[in-house]
Structures are given as C-alpha cells and as structure tokens.
file start-v4.cif (mmCIF, C-alpha atoms and all ligand atoms)
data_entry
#
loop_
_atom_site.label_atom_id
_atom_site.label_comp_id
_atom_site.auth_asym_id
_atom_site.auth_seq_id
_atom_site.Cartn_x
_atom_site.Cartn_y
_atom_site.Cartn_z
CA MET L 1 88.59 37.04 58.56
CA ILE L 2 87.48 39.95 56.36
CA ASP L 3 87.60 43.31 58.17
CA GLY L 4 84.50 44.97 56.75
CA PRO L 5 81.13 43.49 55.86
CA VAL L 6 80.73 40.58 53.48
CA ILE L 7 77.81 41.28 51.17
CA VAL L 8 75.99 38.37 49.57
CA GLY L 9 74.61 39.31 46.13
CA ALA L 10 75.92 41.70 43.49
CA GLY L 11 72.48 42.99 42.54
CA PRO L 12 71.87 46.73 42.82
CA VAL L 13 71.30 46.59 46.58
CA GLY L 14 74.44 44.55 47.31
CA LEU L 15 76.52 46.79 45.04
CA ALA L 16 75.14 49.95 46.67
CA THR L 17 75.84 48.51 50.15
CA ALA L 18 79.45 47.80 49.21
CA LEU L 19 79.93 51.27 47.73
CA LEU L 20 78.40 53.01 50.76
CA ALA L 21 80.58 50.89 53.07
CA ARG L 22 83.72 51.94 51.21
CA ALA L 23 82.68 55.58 51.54
CA ARG L 24 82.70 55.03 55.32
CA GLY L 25 86.21 53.61 55.11
CA LEU L 26 85.10 49.98 55.60
CA PRO L 27 86.55 47.21 53.44
CA ALA L 28 83.71 45.56 51.50
CA HIS L 29 83.70 42.13 49.86
CA VAL L 30 80.85 40.96 47.61
CA LEU L 31 79.95 37.34 46.85
CA GLU L 32 77.95 36.74 43.67
CA ARG L 33 76.75 33.37 42.41
CA LEU L 34 76.91 34.45 38.74
CA PRO L 35 80.15 34.85 36.82
CA ALA L 36 81.59 38.37 36.38
CA ALA L 37 79.72 40.47 33.80
CA ALA L 38 76.96 37.86 33.34
CA PRO L 39 74.18 39.55 31.35
CA LYS L 40 71.01 40.35 33.32
CA PRO L 41 67.73 40.67 31.47
CA GLY L 42 65.00 43.27 31.44
CA SER L 43 64.63 46.93 32.32
CA ARG L 44 62.98 46.12 35.74
CA ALA L 45 63.76 48.97 38.17
CA THR L 46 63.88 51.88 35.75
CA PHE L 47 62.72 54.64 38.10
CA LEU L 48 65.30 55.98 40.55
CA HIS L 49 64.01 58.78 42.76
CA ARG L 50 66.10 61.84 43.59
CA GLN L 51 66.42 60.54 47.16
CA THR L 52 68.14 57.40 45.85
CA ILE L 53 70.47 59.39 43.59
CA GLN L 54 71.37 61.66 46.51
CA THR L 55 72.13 58.65 48.74
CA LEU L 56 74.47 57.25 46.08
CA ALA L 57 76.01 60.72 45.60
CA THR L 58 77.16 60.70 49.23
CA ALA L 59 79.36 57.71 48.36
CA CYS L 60 80.26 58.57 44.77
CA PRO L 61 79.33 61.91 43.17
CA VAL L 62 80.71 60.65 39.83
CA LEU L 63 78.21 57.78 39.85
CA ALA L 64 75.33 60.15 40.62
CA ASP L 65 76.43 62.39 37.70
CA GLN L 66 76.58 59.38 35.37
CA LEU L 67 73.09 58.23 36.39
CA VAL L 68 71.66 61.70 35.83
CA ARG L 69 73.49 62.11 32.51
CA GLU L 70 72.39 58.74 31.12
CA GLY L 71 68.93 58.49 32.66
CA LEU L 72 65.82 59.94 31.11
CA VAL L 73 63.67 62.50 32.90
CA TRP L 74 60.15 62.23 31.49
CA PRO L 75 58.93 65.63 30.33
CA GLY L 76 55.45 64.80 31.64
CA ARG L 77 52.85 62.18 32.39
CA GLY L 78 49.42 61.40 31.06
CA THR L 79 46.43 59.24 31.87
CA TYR L 80 43.72 58.02 29.50
CA TRP L 81 40.34 56.40 30.07
CA ALA L 82 39.13 54.21 27.19
CA GLY L 83 41.27 56.27 24.79
CA ARG L 84 40.22 59.72 26.13
CA ARG L 85 42.79 61.82 27.98
CA VAL L 86 41.69 62.52 31.54
CA HIS L 87 44.88 64.00 32.95
CA HIS L 88 48.11 65.53 31.70
CA ARG L 89 50.97 67.16 33.50
CA CYS L 90 54.20 68.67 32.14
CA TYR L 91 57.22 68.78 34.40
CA GLU L 92 59.23 71.96 34.74
CA PRO L 93 62.55 71.64 32.89
CA VAL L 94 65.19 70.81 35.51
CA ARG L 95 68.89 71.46 35.84
CA PRO L 96 70.55 68.02 35.55
CA ARG L 97 71.93 67.92 39.12
CA LEU L 98 68.41 68.49 40.46
CA ALA L 99 66.70 65.76 38.43
CA PRO L 100 63.60 64.74 40.43
CA PHE L 101 64.11 61.17 39.18
CA ILE L 102 65.70 59.30 36.32
CA SER L 103 64.57 56.36 34.22
CA LEU L 104 67.33 53.95 33.24
CA PRO L 105 67.25 50.17 32.70
CA GLN L 106 68.37 48.30 35.82
CA PRO L 107 71.22 46.39 34.07
CA ARG L 108 72.85 49.73 33.19
CA THR L 109 72.40 51.02 36.75
CA GLU L 110 74.07 47.83 37.99
CA GLU L 111 76.98 48.29 35.55
CA LEU L 112 77.56 51.83 36.78
CA LEU L 113 77.32 50.71 40.43
CA HIS L 114 79.79 47.92 39.77
CA GLU L 115 82.28 50.25 38.04
CA ALA L 116 82.00 52.74 40.92
CA GLY L 117 82.56 49.90 43.41
CA VAL L 118 85.69 48.74 41.61
CA ARG L 119 87.05 52.31 41.59
CA ALA L 120 86.30 52.59 45.32
CA GLY L 121 88.15 49.36 46.13
CA VAL L 122 85.25 46.92 46.62
CA THR L 123 86.50 43.35 46.13
CA PHE L 124 84.44 40.58 44.53
CA SER L 125 84.21 36.79 44.47
CA TRP L 126 82.27 35.85 41.32
CA GLY L 127 80.73 32.42 40.79
CA ALA L 128 80.43 32.21 44.60
CA GLN L 129 77.02 30.81 45.49
CA ALA L 130 76.52 31.21 49.23
CA ASP L 131 74.92 28.08 50.61
CA GLU L 132 75.49 27.98 54.37
CA VAL L 133 75.62 30.60 57.07
CA VAL L 134 76.99 29.93 60.56
CA LEU L 135 76.37 32.52 63.29
CA GLN L 136 79.13 32.82 65.85
CA ASP L 137 79.62 35.18 68.81
CA THR L 138 82.04 37.56 67.14
CA SER L 139 81.64 36.69 63.45
CA VAL L 140 79.60 35.07 60.70
CA LEU L 141 80.88 32.28 58.47
CA ILE L 142 79.58 31.95 54.92
CA ARG L 143 80.24 28.78 52.94
CA ALA L 144 79.68 28.54 49.19
CA VAL L 145 78.43 25.46 47.34
CA ASP L 146 81.99 24.84 46.11
CA GLY L 147 83.32 24.78 49.70
CA ARG L 148 84.96 28.23 49.76
CA GLU L 149 84.50 30.11 53.04
CA TRP L 150 84.45 33.75 54.17
CA ARG L 151 84.32 34.99 57.75
CA SER L 152 83.53 38.56 58.78
CA ALA L 153 82.09 40.53 61.71
CA PHE L 154 78.93 41.44 59.74
CA VAL L 155 77.14 40.08 56.68
CA VAL L 156 74.57 41.88 54.55
CA ALA L 157 72.27 39.43 52.79
CA ALA L 158 71.29 41.11 49.53
CA ASP L 159 70.71 37.91 47.59
CA GLY L 160 67.31 38.83 46.22
CA ALA L 161 63.79 37.43 46.29
CA GLY L 162 64.79 33.77 46.65
CA SER L 163 67.37 34.61 49.38
CA VAL L 164 69.19 31.44 50.43
CA MET L 165 70.65 33.40 53.36
CA ARG L 166 67.20 34.24 54.69
CA ARG L 167 66.02 30.67 54.28
CA ARG L 168 69.11 29.17 55.94
CA LEU L 169 68.52 31.51 58.90
CA GLY L 170 64.92 30.30 59.08
CA ILE L 171 63.41 33.79 58.70
CA PRO L 172 59.89 33.57 57.24
CA MET L 173 58.40 36.05 54.78
CA ASN L 174 54.90 37.21 55.72
CA GLY L 175 52.62 38.13 52.86
CA ASP L 176 50.88 36.83 49.82
CA THR L 177 50.60 36.90 46.08
CA ALA L 178 48.03 39.46 45.09
CA GLY L 179 46.23 40.93 42.10
CA ALA L 180 46.07 40.03 38.42
CA PRO L 181 48.97 38.72 36.33
CA PHE L 182 50.91 41.30 34.32
CA VAL L 183 52.89 40.89 31.12
CA VAL L 184 55.96 43.12 31.07
CA VAL L 185 57.72 43.84 27.78
CA ASP L 186 60.68 46.06 26.84
CA ILE L 187 60.79 47.53 23.35
CA ALA L 188 63.77 49.30 21.81
CA GLU L 189 63.39 52.87 20.64
CA ASP L 190 62.66 53.19 16.92
CA PRO L 191 64.37 56.47 15.93
CA ALA L 192 62.20 56.73 12.79
CA ARG L 193 58.97 56.53 14.85
CA PRO L 194 59.73 57.63 18.40
CA LEU L 195 57.08 57.07 21.05
CA PRO L 196 56.27 59.93 23.44
CA ALA L 197 58.89 60.29 26.17
CA GLU L 198 56.11 60.73 28.75
CA ARG L 199 54.90 58.07 31.14
CA VAL L 200 51.39 57.16 30.04
CA PHE L 201 48.80 55.03 31.81
CA HIS L 202 45.74 53.77 29.94
CA TYR L 203 42.70 52.54 31.78
CA ARG L 204 40.78 50.17 29.49
CA HIS L 205 42.89 50.74 26.39
CA PRO L 206 40.51 50.29 23.42
CA LEU L 207 43.28 48.79 21.26
CA ALA L 208 44.28 46.32 23.99
CA GLY L 209 40.84 44.75 24.34
CA GLY L 210 39.98 47.11 27.20
CA ARG L 211 42.94 46.07 29.37
CA ASN L 212 44.99 48.52 31.43
CA VAL L 213 48.35 49.39 29.86
CA LEU L 214 51.26 51.39 31.25
CA PHE L 215 54.03 52.84 29.05
CA ILE L 216 57.24 53.69 30.89
CA PRO L 217 59.94 55.40 28.84
CA PHE L 218 63.57 54.81 29.75
CA ALA L 219 66.87 55.73 28.13
CA GLY L 220 66.88 53.57 24.97
CA GLY L 221 63.33 52.29 24.92
CA HIS L 222 59.99 51.74 26.62
CA ARG L 223 58.59 49.26 29.08
CA VAL L 224 55.01 48.23 28.47
CA ASP L 225 53.03 46.66 31.34
CA LEU L 226 49.86 44.90 30.23
CA GLN L 227 47.39 43.94 32.95
CA CYS L 228 45.84 40.56 32.15
CA ARG L 229 42.15 39.80 32.50
CA GLY L 230 40.35 36.72 33.76
CA ARG L 231 40.70 34.37 30.78
CA ASP L 232 44.06 35.62 29.54
CA ASP L 233 46.98 33.24 29.31
CA PRO L 234 49.90 35.41 30.55
CA ALA L 235 52.51 32.90 29.37
CA ARG L 236 51.17 33.05 25.80
CA LEU L 237 50.87 36.86 25.83
CA ALA L 238 54.48 37.08 27.04
CA ALA L 239 55.66 34.53 24.46
CA GLU L 240 54.06 36.38 21.54
CA PRO L 241 54.10 40.03 22.61
CA ARG L 242 54.18 41.47 19.11
CA ALA L 243 50.73 39.98 18.45
CA TRP L 244 49.13 42.52 20.85
CA LEU L 245 51.83 45.20 20.99
CA ARG L 246 51.75 46.24 17.34
CA SER L 247 48.29 47.75 17.60
CA LEU L 248 49.47 49.94 20.53
CA LEU L 249 52.39 51.40 18.57
CA PRO L 250 52.43 53.89 15.67
CA PRO L 251 52.03 52.22 12.23
CA GLY L 252 55.38 50.99 10.93
CA HIS L 253 57.09 50.99 14.35
CA ALA L 254 59.91 48.41 14.38
CA CYS L 255 58.45 46.79 17.54
CA GLU L 256 61.79 45.26 18.52
CA VAL L 257 61.11 43.34 21.71
CA THR L 258 64.22 43.12 23.92
CA TRP L 259 62.63 41.40 26.94
CA SER L 260 59.29 39.84 27.74
CA SER L 261 58.07 38.24 30.93
CA HIS L 262 54.98 37.74 33.05
CA TYR L 263 54.40 38.18 36.77
CA LEU L 264 51.95 37.58 39.56
CA PHE L 265 53.37 40.02 42.07
CA ARG L 266 54.14 38.91 45.61
CA GLN L 267 53.84 41.35 48.48
CA ALA L 268 55.78 40.12 51.50
CA VAL L 269 58.08 41.33 54.29
CA ALA L 270 60.59 39.27 56.30
CA GLU L 271 59.66 38.63 59.92
CA THR L 272 62.94 40.17 61.05
CA PHE L 273 65.63 42.08 59.13
CA THR L 274 68.50 40.99 61.44
CA LEU L 275 69.62 37.77 63.02
CA GLY L 276 72.90 37.64 64.90
CA ARG L 277 75.30 39.70 62.83
CA VAL L 278 73.41 39.27 59.54
CA LEU L 279 71.33 42.15 58.12
CA LEU L 280 68.80 41.53 55.33
CA ALA L 281 68.47 44.22 52.64
CA GLY L 282 66.55 44.72 49.38
CA GLU L 283 64.42 41.91 47.99
CA ALA L 284 65.94 39.45 50.46
CA ALA L 285 63.90 41.39 53.02
CA HIS L 286 60.83 42.64 51.14
CA LEU L 287 58.87 42.17 47.94
CA TYR L 288 56.39 44.66 46.51
CA ALA L 289 54.42 44.98 43.30
CA PRO L 290 56.41 47.44 41.15
CA PHE L 291 53.69 50.11 40.77
CA GLY L 292 55.16 53.09 42.60
CA ALA L 293 58.76 51.92 42.07
CA ARG L 294 59.47 51.10 45.71
CA GLY L 295 61.56 47.93 45.25
CA LEU L 296 64.99 49.24 44.37
CA ASN L 297 64.49 52.71 45.86
CA SER L 298 63.72 51.22 49.26
CA GLY L 299 66.52 48.67 48.80
CA ILE L 300 69.02 51.53 48.51
CA ALA L 301 67.53 53.06 51.69
CA ASP L 302 68.11 49.67 53.39
CA ALA L 303 71.71 49.66 52.12
CA ALA L 304 72.42 53.10 53.62
CA ALA L 305 70.83 52.17 56.96
CA ALA L 306 72.69 48.82 57.09
CA VAL L 307 76.03 50.53 56.50
CA ASP L 308 75.26 53.14 59.20
CA ALA L 309 74.48 50.34 61.67
CA ILE L 310 77.60 48.31 60.81
CA ALA L 311 79.85 51.40 60.99
CA GLU L 312 78.47 52.36 64.40
CA ALA L 313 78.66 48.82 65.78
CA GLY L 314 82.24 48.60 64.48
CA THR L 315 83.41 51.71 66.31
CA ASP L 316 81.36 51.04 69.48
CA PRO L 317 80.95 47.28 70.04
CA GLY L 318 78.73 47.99 73.05
CA ALA L 319 76.18 49.58 70.72
CA ARG L 320 75.84 46.52 68.47
CA HIS L 321 72.57 45.12 69.88
CA ARG L 322 70.95 48.55 69.90
CA VAL L 323 71.94 49.59 66.35
CA LEU L 324 71.00 46.25 64.83
CA ALA L 325 67.66 46.32 66.63
CA GLU L 326 67.10 49.85 65.30
CA TYR L 327 67.94 48.73 61.77
CA ASP L 328 65.39 45.94 62.08
CA GLN L 329 62.72 48.16 63.56
CA VAL L 330 63.09 51.17 61.23
CA ARG L 331 63.59 49.34 57.94
CA ARG L 332 60.93 46.71 58.67
CA ALA L 333 58.40 49.42 59.54
CA ALA L 334 59.31 51.21 56.28
CA ALA L 335 58.89 47.93 54.38
CA GLU L 336 55.42 47.40 55.89
CA ARG L 337 54.42 50.93 54.81
CA ASN L 338 55.86 50.37 51.34
CA ARG L 339 54.03 47.07 51.04
CA ALA L 340 50.76 48.68 52.09
CA ALA L 341 51.26 51.50 49.57
CA ALA L 342 52.04 49.06 46.73
CA GLY L 343 49.00 47.03 47.82
CA LYS L 344 46.78 50.10 47.45
CA ALA L 345 48.12 50.66 43.94
CA LEU L 346 47.48 47.03 43.04
CA ALA L 347 43.96 47.07 44.52
CA HIS L 348 43.17 50.19 42.46
CA LEU L 349 44.53 48.59 39.27
CA THR L 350 42.56 45.40 39.69
CA ALA L 351 39.48 47.43 40.73
CA ALA L 352 38.19 44.51 42.74
CA GLY L 353 34.63 45.03 43.93
CA PRO L 354 31.77 47.18 42.57
CA HIS L 355 32.68 50.25 44.68
CA ARG L 356 36.13 50.66 43.21
CA GLN L 357 34.82 50.13 39.68
CA ALA L 358 32.05 52.67 40.20
CA ALA L 359 34.48 55.21 41.71
CA GLN L 360 36.82 54.90 38.74
CA ARG L 361 33.99 55.21 36.19
CA ALA L 362 32.61 58.24 38.03
CA ALA L 363 36.05 59.88 38.15
CA ALA L 364 36.52 59.29 34.42
CA LEU L 365 33.19 61.00 33.70
CA ALA L 366 33.85 63.84 36.14
CA ALA L 367 37.33 64.46 34.70
CA ARG L 368 35.67 66.13 31.67
CA VAL L 369 34.86 69.11 33.87
CA LEU L 370 36.70 68.51 37.14
CA PRO L 371 40.52 68.33 36.82
CA ARG L 372 40.81 66.91 40.36
CA ALA L 373 39.03 63.75 39.24
CA GLY L 374 41.65 63.29 36.50
CA THR L 375 44.46 63.90 39.01
CA TRP L 376 42.96 61.19 41.23
CA LEU L 377 42.84 58.70 38.35
CA ASP L 378 46.42 59.64 37.45
CA SER L 379 47.94 59.16 40.90
CA LYS L 380 46.13 56.03 42.12
CA PRO L 381 47.99 53.38 40.04
CA TYR L 382 51.21 54.20 41.92
CA GLY L 383 49.88 54.38 45.49
CA PRO L 384 50.86 56.86 48.22
CA ARG L 385 54.56 57.51 48.73
CA ASP L 386 55.22 57.38 52.44
CA ALA L 387 57.62 55.12 54.33
CA GLY L 388 56.66 56.73 57.63
CA ILE L 389 60.22 57.99 58.17
CA PRO L 390 60.84 61.74 58.41
CA GLY L 391 62.94 62.82 55.44
CA SER L 392 62.66 59.46 53.63
CA LEU L 393 60.10 58.49 51.01
CA TYR L 394 61.10 54.83 50.99
C1 LIG I 401 58.93 44.04 36.22
C2 LIG I 401 59.63 44.71 37.36
C3 LIG I 401 59.68 46.09 37.41
C4 LIG I 401 60.30 46.75 38.47
N1 LIG I 401 60.34 48.13 38.47
C5 LIG I 401 60.93 48.78 39.51
C6 LIG I 401 61.09 50.20 39.49
O1 LIG I 401 60.73 50.90 38.53
N2 LIG I 401 61.69 50.80 40.58
C7 LIG I 401 62.14 50.06 41.66
O2 LIG I 401 62.64 50.65 42.64
N3 LIG I 401 62.06 48.71 41.66
C8 LIG I 401 61.48 48.05 40.62
N4 LIG I 401 61.46 46.68 40.59
C9 LIG I 401 62.09 45.92 41.69
C10 LIG I 401 63.61 45.81 41.51
O3 LIG I 401 63.91 45.20 40.28
C11 LIG I 401 64.15 45.00 42.67
O4 LIG I 401 63.74 45.65 43.86
C12 LIG I 401 65.68 44.92 42.67
O5 LIG I 401 66.19 44.14 41.62
C13 LIG I 401 66.13 44.27 43.99
O6 LIG I 401 67.52 44.29 44.03
P1 LIG I 401 68.31 43.28 44.98
O7 LIG I 401 69.74 43.66 44.81
O8 LIG I 401 67.70 43.28 46.31
O9 LIG I 401 68.01 41.84 44.38
P2 LIG I 401 68.42 41.24 42.95
O10 LIG I 401 68.35 42.27 41.88
O11 LIG I 401 67.60 40.01 42.77
O12 LIG I 401 69.95 40.83 43.15
C14 LIG I 401 70.29 39.72 43.95
C15 LIG I 401 71.69 39.25 43.52
O13 LIG I 401 72.11 38.20 44.39
C16 LIG I 401 72.63 37.12 43.62
N5 LIG I 401 72.43 35.90 44.42
C17 LIG I 401 71.28 35.23 44.61
N6 LIG I 401 71.47 34.17 45.41
C18 LIG I 401 72.79 34.16 45.72
C19 LIG I 401 73.61 33.31 46.50
N7 LIG I 401 73.10 32.25 47.14
N8 LIG I 401 74.93 33.60 46.63
C20 LIG I 401 75.47 34.69 45.99
N9 LIG I 401 74.73 35.52 45.21
C21 LIG I 401 73.41 35.26 45.09
C22 LIG I 401 71.82 37.17 42.33
O14 LIG I 401 72.49 36.51 41.27
C23 LIG I 401 71.72 38.68 42.12
O15 LIG I 401 72.83 39.19 41.41
C24 LIG I 401 60.87 46.00 39.52
C25 LIG I 401 60.85 44.59 39.46
C26 LIG I 401 60.23 43.96 38.40
C27 LIG I 401 60.25 42.46 38.35
#
call {"tool": "encode", "arguments": {"input": "start-v4.cif", "output": "structure tokens"}}
result
Amino acid sequence: MIDGPVIVGAGPVGLATALLARARGLPAHVLERLPAAAPKPGSRATFLHRQTIQTLATACPVLADQLVREGLVWPGRGTYWAGRRVHHRCYEPVRPRLAPFISLPQPRTEELLHEAGVRAGVTFSWGAQADEVVLQDTSVLIRAVDGREWRSAFVVAADGAGSVMRRRLGIPMNGDTAGAPFVVVDIAEDPARPLPAERVFHYRHPLAGGRNVLFIPFAGGHRVDLQCRGRDDPARLAAEPRAWLRSLLPPGHACEVTWSSHYLFRQAVAETFTLGRVLLAGEAAHLYAPFGARGLNSGIADAAAAVDAIAEAGTDPGARHRVLAEYDQVRRAAAERNRAAAGKALAHLTAAGPHRQAAQRAAALAARVLPRAGTWLDSKPYGPRDAGIPGSLY
C-alpha cells in the first residue's frame, strides 16, 4: 500500500500532480508506460500562462524561476489579413518574475517538472503500463500489463487522451471532432536569419495559397500551424512541410524542420472526473483544440485541485465524498467552459457559414480606419478566456 496518491502518467499533468502532492507532504508515486527519459516529440503546449507558473511556484519556486528564465516572452503580437497588417500590439517589458506567460517547448517543460519532482522526492516506476484498475472500499489497485501491482488510497489518472484508466472505469467522453485539419510544424531558429519573436496570425496568407497560418515563437524555434482547406491532403502537407514552408520564411532561411504532424482536433469532456477514489486530470479528462492554449494550462489547474481534494480527504476521511464531488463539479464545469471557448476559436478560424465570412471581411476592411476592428480580428482565433471560476482563467 502506497501512502500518498499513485499517479498514472508522467506527462506534464501527472508530473505537476506529483510535485504539488509532495509540497503538501504527501508521498507521490508515478507510473509511466514509457522508459525513463524516452524522447517526446513536438513543441505542443508552448504557452504557459502566469497562473500556471504561479501554481507551480507554490510547490517549487526554483522550477518557476527556471521556466521563466528559459521560456520566451513574446515582445508583441500581430495579425495580418491577406498580407496587410490589421493589428499590432507591443507588450510592456516585464521583470522576469512577473512574466505574463512564457513560451517553451513541452518536452523541456516536462524535463524541468521531472527534475523538480526527483528533487522533491517523487518516486517513479518507468515502463509501467497501467492496464487494470480495481476499485475497493478503502483503496484502489492498479495492475500493469506485466503483472506488477500498486495499491493506494487515491489514484490520479493523468494518462492522456487515450486514457486506459478512463476506459477501464467505463467513463465516456462527450464531444466530437470539429473544424478543419491543421498541419503543425516546428522549425529550429536560424541565427543568421531570425524570424520575428512575436506571435503572428495570418488570415488568408497570400504565400500559403490563401490559407490561415499562425506563427508561434518559442525558446529555440517557431511552431507554424497551417489550416488546411477542402481539397488539401494534410498527411502529404505534413510529410513534405518544406515544400510550402519555404515561401513563408525569409530567403535563405535554413528551414530545419524538427517536428511535423497533422490534426483534426477533438473537443470532448469526460462524463465524470471522479469514480470511487480515482480522479481524472488533464487530457484523460478533457480535450480541446489548442487555439487559446487551454490544454496544459487547465491540466495544471486540475492537478492543483486534485491534490487539494486528496489532501483534505486524507486528513478528514468523513469529507471524502464531498471533496471528490466538488472536484468533479468544479473541474468539469471549467472543462465545459474551456471546451466552449476553444470551440468558438475553432468556429472563427474555419469561418463556417456566410455570416462569419462576411463579418471577418468587413472587419478587415474596417481595420484600415477603426483599430477596434483589428483588435477583434486579433483576439478571435484564441477564443474567450474564462473558466467560470473566480480567480482562475482555466
Ligand atoms: C499541436 C498541439 C499544440 C498544443 N498547444 C498547447 C498550448 O500551447 N498550451 C496548452 O496548454 N496546451 C497545448 N496543447 C495540449 C497539451 O499538449 C496537452 O494538454 C498536454 O500534453 C496534456 O498533458 P497530459 O499530462 O494530460 O497528457 P500527456 O501529455 O498525453 O501525458 C500522458 C502520459 O501518460 C502516459 N501513459 C499513457 N497511458 C499510460 C498507461 N496506460 N500507463 C502509464 N502511463 C501511461 C503517456 O506515455 C504520457 O507520458 C497542445 C496540443 C497539441 C497536440
């Protein structure tokens, strides 16, 4: 029997859960199906909001300092319509500890979380693929495919989008796959021809055949999101990214592609976030399109709430039903709001229907004389930021 929670999945949400549990004095043991230090591809969740950094700082100020030191704070953001700038905003220079956000590739964030966890005394079982979960009155038993077993009073299932834990518990995901396919490519920085460090969104980029393109700078490179159109073959565009990328980069840019993939984003929320003594967190519980960067940021909010619930139920066993029900209610409501917000961003990007298209064209025209129209075009691809929780954006 393990004293503190067993956490299934050493992704960013599982690692954050373990670290936050240790900060509350709880032992934390993480099961991960991959071997230790297995490489993980792609920049994915680059954008960490200040709220997320502050949550992690409560457990490990050193980790928060490292994230802020290594992450990039964009000096500004811009939006273009068919090659013409319709909005630009510079951010005030910030003192590092007050960074409003940072942009860092997810694999590096995971490395830093893992190192902080090791320093804090988190223990790990690598190559441990959880396969069965047995709910008992006072504990939960997890069995791996190789027969190893772990028993603990609480389990946090942070095993990602394909969560075996969620499926074994029979918890459905409600939602659908929405919008157009996107091709997502990471390119390494070319020091001889640096790209702007600003986040730039292009509606109808003239050099991308009129497709929407988003450039997201992060420490060490850029992520480029290309929105496919009706007849595009996303698999081919992802397999040969340099064929379309080169024209979007300055002449002579090295165009070193470090990751390329394509997605049709799923928007779904689990029917419940708790069953027995198991709490779902992160992508095991919710999936959103990435525009607005809610996936990992809300996963860290789940981690903090799960640890609060487990700590309270541990010290006051009579409160267990209430705190787990609260976790389910609060985090599921936040997930529904986050899904709706990401859905609005996606609907704007795909501009389905003549009204949306006309509104965007009108705003692009009006932006020549009316800055508010440009601000509208600039903010819409990310959706509103509101989890419906006082003091929490996610
Ligand atoms: C293109 C793209 C861009 C994104 N951009 C952003 C962004 O800017 N900001 C943001 O907040 N989010 C973003 N996201 C979302 C973000 O990447 C995810 O929200 C985040 O990875 C979820 O973390 P997680 O720990 O819940 O799941 P995962 O990262 O999937 O980790 C799950 C872990 O569990 C392990 N595991 C799985 N099954 C088992 C098992 N049976 N037993 C043991 N271990 C298991 C896996 O190996 C993995 O290590 C983006 C996603 C994509 C695809």
call {"tool": "atom_distance", "arguments": {"input": "start-v4.cif", "atom1": "atom CA of Ala59 of chain L", "atom2": "atom CA of Ala311 of chain L"}}
result
14.1 Å
call {"tool": "closest_atom_pairs", "arguments": {"input": "start-v4.cif", "of": "chain L", "to": "ligand LIG 401 (chain I)", "cutoff": "8 Å", "atoms": "only C-alpha atoms and all ligand atoms", "output": "tab-separated table"}}
result
residue	atom	partner	partner_atom	distance
L:Val8	CA	I:LIG401	C20	5.2
L:Gly9	CA	I:LIG401	O13	3.2
L:Ala10	CA	I:LIG401	O15	4.5
L:Gly11	CA	I:LIG401	O12	3.4
L:Pro12	CA	I:LIG401	O7	4.2
L:Val13	CA	I:LIG401	O7	3.8
L:Gly14	CA	I:LIG401	O7	5.4
L:Leu15	CA	I:LIG401	O7	7.5
L:Leu31	CA	I:LIG401	C20	5.3
L:Glu32	CA	I:LIG401	N9	3.8
L:Arg33	CA	I:LIG401	C20	4.0
L:Leu34	CA	I:LIG401	O14	5.5
L:Gly42	CA	I:LIG401	C1	7.8
L:Ser43	CA	I:LIG401	C3	7.1
L:Arg44	CA	I:LIG401	C3	3.7
L:Ala45	CA	I:LIG401	C5	3.1
L:Thr46	CA	I:LIG401	O1	4.3
L:Phe47	CA	I:LIG401	O1	4.3
L:Leu48	CA	I:LIG401	O2	6.3
L:Ser103	CA	I:LIG401	O1	7.9
L:Gln106	CA	I:LIG401	O3	7.0
L:Gly127	CA	I:LIG401	C20	7.7
L:Ala128	CA	I:LIG401	C20	5.7
L:Gln129	CA	I:LIG401	N8	3.7
L:Ala130	CA	I:LIG401	N8	3.9
L:Asp131	CA	I:LIG401	N7	5.7
L:Ala144	CA	I:LIG401	N8	7.4
L:Ala158	CA	I:LIG401	O8	5.3
L:Asp159	CA	I:LIG401	O13	3.5
L:Gly160	CA	I:LIG401	O9	3.6
L:Ala161	CA	I:LIG401	O11	5.8
L:Gly162	CA	I:LIG401	N6	6.8
L:Ser163	CA	I:LIG401	N6	5.7
L:Val164	CA	I:LIG401	N7	5.2
L:Met165	CA	I:LIG401	N7	6.8
L:Val184	CA	I:LIG401	C1	6.0
L:Ser261	CA	I:LIG401	C1	7.9
L:Tyr263	CA	I:LIG401	C27	7.4
L:Ala281	CA	I:LIG401	O8	6.4
L:Gly282	CA	I:LIG401	O8	3.6
L:Glu283	CA	I:LIG401	O8	3.9
L:Ala284	CA	I:LIG401	O8	5.9
L:Ala285	CA	I:LIG401	O8	7.9
L:Leu287	CA	I:LIG401	O4	7.2
L:Tyr288	CA	I:LIG401	C9	7.6
L:Ala289	CA	I:LIG401	C25	7.5
L:Pro290	CA	I:LIG401	C4	4.8
L:Phe291	CA	I:LIG401	N1	7.3
L:Gly292	CA	I:LIG401	N2	7.2
L:Ala293	CA	I:LIG401	N2	3.5
L:Arg294	CA	I:LIG401	O2	4.4
L:Gly295	CA	I:LIG401	O4	3.4
L:Leu296	CA	I:LIG401	O2	3.2
L:Asn297	CA	I:LIG401	O2	4.2
L:Ser298	CA	I:LIG401	O2	6.7
L:Gly299	CA	I:LIG401	O8	6.1
call {"tool": "atom_distance", "arguments": {"input": "start-v4.cif", "atom1": "atom CA of Pro27 of chain L", "atom2": "atom CA of Val6 of chain L"}}
result
8.8 Å
call {"tool": "atom_distance", "arguments": {"input": "start-v4.cif", "atom1": "atom CA of Gly276 of chain L", "atom2": "atom CA of Ala325 of chain L"}}
result
10.3 Å
call {"tool": "residues_around", "arguments": {"input": "start-v4.cif", "residues": "Val134 of chain L", "least_positions_apart": "3", "cutoff": "12 Å", "atoms": "all atoms listed in the file", "output": "PyMOL selection string"}}
result
chain L and resi 130-131+137-144+149-155+165+168-169+275-278
call {"tool": "closest_residue", "arguments": {"input": "start-v4.cif", "among": "L:Gln66, L:Thr274, L:Thr79, L:Thr58", "to": "Glu198 of chain L", "atoms": "all atoms listed in the file"}}
result
L:Thr79
call {"tool": "closest_residue", "arguments": {"input": "start-v4.cif", "among": "L:Val330, L:Val68, L:Leu104, L:Ala268", "to": "Gly343 of chain L", "atoms": "all atoms listed in the file"}}
result
L:Ala268
call {"tool": "build_atoms", "arguments": {"input": "start-v4.cif", "residues": "segment 161-167 of chain L", "atoms": "N, CA, C and O atoms", "output": "compact mmCIF listing (two decimals), in the coordinates of the input"}}
result
# COMPACT_ATOMS: atom_id res chain seq x y z
N ALA L 161 65.08 37.97 45.88
CA ALA L 161 63.79 37.43 46.29
C ALA L 161 63.87 36.00 46.82
O ALA L 161 63.17 35.64 47.76
N GLY L 162 64.72 35.18 46.23
CA GLY L 162 64.79 33.77 46.65
C GLY L 162 65.81 33.54 47.76
O GLY L 162 66.17 32.40 48.01
N SER L 163 66.26 34.62 48.40
CA SER L 163 67.37 34.61 49.38
C SER L 163 67.63 33.27 50.10
O SER L 163 66.87 32.84 50.97
N VAL L 164 68.74 32.66 49.74
CA VAL L 164 69.19 31.44 50.43
C VAL L 164 69.58 31.80 51.86
O VAL L 164 69.33 31.04 52.81
N MET L 165 70.21 32.97 52.02
CA MET L 165 70.65 33.40 53.36
C MET L 165 69.45 33.46 54.31
O MET L 165 69.49 32.97 55.43
N ARG L 166 68.39 34.09 53.84
CA ARG L 166 67.20 34.24 54.69
C ARG L 166 66.63 32.86 55.03
O ARG L 166 66.26 32.58 56.17
N ARG L 167 66.60 31.99 54.04
CA ARG L 167 66.02 30.67 54.28
C ARG L 167 66.89 29.84 55.22
O ARG L 167 66.38 29.18 56.12
